[in-house]
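K.L.:
Here it is: the structure, laid out below.
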Amino acid sequence: MTRAVAEFATAHLAGGTQVCVGLSGGPDSLALTAAALRAGLTVRALIVDHALQPTSAAVAADAARTAADLGASAQVLRVSVGTDGGMEAAARDARYAALEDARDGLPVLLAHTMDDQAETVLLGLGRGSGARSLAGMRAWRAPWGRPLLGVRRSETVGTCTELGLPAHADPHNRDPRFTRVRLRAEVIPLLDDVLHGGVVQALARTATALQSDVAALDEIADDAFSRSARGGGADTELDVDSVARLPDAVRTRVVRRWLLEVGATEPTTRVIEAADDVVRGLRGGQVAVGGGPDHRLVAVRVDDVLRVRGITR
């Protein structure tokens, strides 16, 4: 565990020794906190209290005390969780926003394990989300670091037992209302039985292999975008003639990049495909690509360019 964190720091932190750790009080993040300290890093534990359970404040306080006992500084961040996208998604959004606000320019280490990676790949596969989702979580995407993607969840539990760390067992991690819980408790064990084991490792290898492919295609698409785009921000126009000739895998990435540039927030596969159809002349009119409560954004093709237009509701 300590070696995994030390190797991560050497590869990605450019000699820096100060980090934040997202600490929930569970075995994964406690083991990560301990390993980061043992690897010689100066750790500030950020404990997000989602206030979704009656005991959440006490759990956060216990986690802060444990972090301090290990030699880290600790800060509890209480957040309000909304409802957009369901409780899982809303809690995740609130958590990342709180960590971003509190990190003070430092990298944040997150305790996702190989098991979490396998679940992410299965979720992407089940939702038909394409290579980007199947590539799973990256070990480093500044400022977020995941040193434990090569470590099994059972190893983090073992580390906490070995060090006598009081890991909290979150009841949400056993609640079958959550898709990840059912993947963890039902789907992966069944796949292991049918395929004679090794499913978590195989899914993690799949993610790693696809990350290289996705990175290469993204680089090609970035170059194509720079040659096809005019202007900047919401006024960016895309030269459809040059983009339409690109291979499918590159063209759809260019369209996605354009959508992000003009203000679409994490465009879905459906939106990307619809905008791509406009680029290729397979559909006319306009395509809704996002917006806010009072206005929406639509993509329209005008002569030889794709541009975005705002419409007041």
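Within each chain, counting starts at residue 1; across the structure tokens, chains are named A, B, ... in the order shown, with ligands numbered 1 upward in that order.
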Can you pull out the residues contacting Arg78 in chain A? Cut-off 7 Å, using only C-alpha atoms, and skip same-chain residues under 6 positions away; I want them as a VMD selection string.
P.N.:
chain A and resid 48 to 50
K.L.:
Grab the residues selected above and save them as a tab-separated table (two decimals), in the first residue's frame with N, CA, C and O atoms.
P.N.:
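Saved the output as part.tsv:
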chain	number	residue	atom	x	y	z
A	48	VAL	N	-15.59	15.03	4.18
A	48	VAL	CA	-16.85	15.62	3.73
A	48	VAL	C	-18.01	14.97	4.50
A	48	VAL	O	-18.20	13.75	4.44
A	49	ASP	N	-18.75	15.78	5.21
A	49	ASP	CA	-19.95	15.32	5.91
A	49	ASP	C	-21.15	15.65	5.02
A	49	ASP	O	-21.53	16.81	4.89
A	50	HIS	N	-21.73	14.61	4.41
A	50	HIS	CA	-22.86	14.82	3.50
A	50	HIS	C	-24.17	15.07	4.23
A	50	HIS	O	-25.17	15.43	3.60
K.L.:
If you run DSSP over the backbone, which residues in range 62-311 of chain A end up alpha helix (DSSP H)? Put them as a PyMOL selection string.
P.N.:
chain A and resi 62-70+87-102+114-127+131-134+153-163+179-182+188-195+199-228+240-244+248-262+269-279
K.L.:
Where does DSSP see strand (DSSP E) in range 57-250 of chain A, if you list the residues as a PyMOL selection string?
P.N.:
chain A and resi 73-78+108-109+140-141+144-145+229-230+237-239
K.L.:
Please build the interface table for range 110-187 of chain A against range 30-36 of chain A with a cut-off of 8 Å, listing for each qualifying residue the nearest atom pair and the distance in Å to one decimal; count only C-alpha atoms, order rows by chain and increasing number, and write it as a Markdown table.
P.N.:
| residue | atom | partner | partner_atom | distance |
| --- | --- | --- | --- | --- |
| A:Leu110 | CA | A:Leu32 | CA | 8.0 |
| A:Ala111 | CA | A:Leu32 | CA | 6.1 |
| A:Leu148 | CA | A:Leu32 | CA | 7.7 |
| A:Thr156 | CA | A:Ala31 | CA | 5.5 |
| A:Val157 | CA | A:Ala31 | CA | 7.7 |
| A:Thr159 | CA | A:Ala31 | CA | 6.1 |
| A:Cys160 | CA | A:Ala31 | CA | 6.0 |
| A:Leu165 | CA | A:Leu30 | CA | 7.4 |
| A:Ala167 | CA | A:Leu30 | CA | 6.9 |
K.L.:
Select, from A:Ala142, A:Val298, A:Val254, A:Val199, the residue with the minimum atom-to-atom distance to Asp223 in chain A, counting only C-alpha atoms.
P.N.:
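For Asp223 in chain A, the nearest of the candidates is A:Val254.
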K.L.:
Nearest to Leu217 in chain A among A:Ala131, A:Ala275, A:Leu191, A:Ala64, with distances taken over only C-alpha atoms: which residue is it?
P.N.:
A:Ala131
K.L.:
Pick the closest to Ala74 in chain A from A:Gly86, A:Arg296, A:Leu46, A:Leu259: which is it, counting only C-alpha atoms?
P.N.:
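Of A:Gly86, A:Arg296, A:Leu46, A:Leu259, the one nearest Ala74 in chain A is A:Leu46, counting only C-alpha atoms.
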K.L.:
Quick one: of A:Ser73, A:Arg92, A:Leu106, A:Ala229, who's nearest to Val19 in chain A, counting only C-alpha atoms?
P.N.:
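Distance minimum relative to Val19 in chain A lands on A:Leu106.
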K.L.:
Using only C-alpha atoms, determine which residues lie at most 10 Å from Gln18 in chain A, disregarding the query and same-chain residues fewer than 5 positions distant; provide the list as a VMD selection string.
P.N.:
chain A and resid 13 36 40 to 44 106 to 108
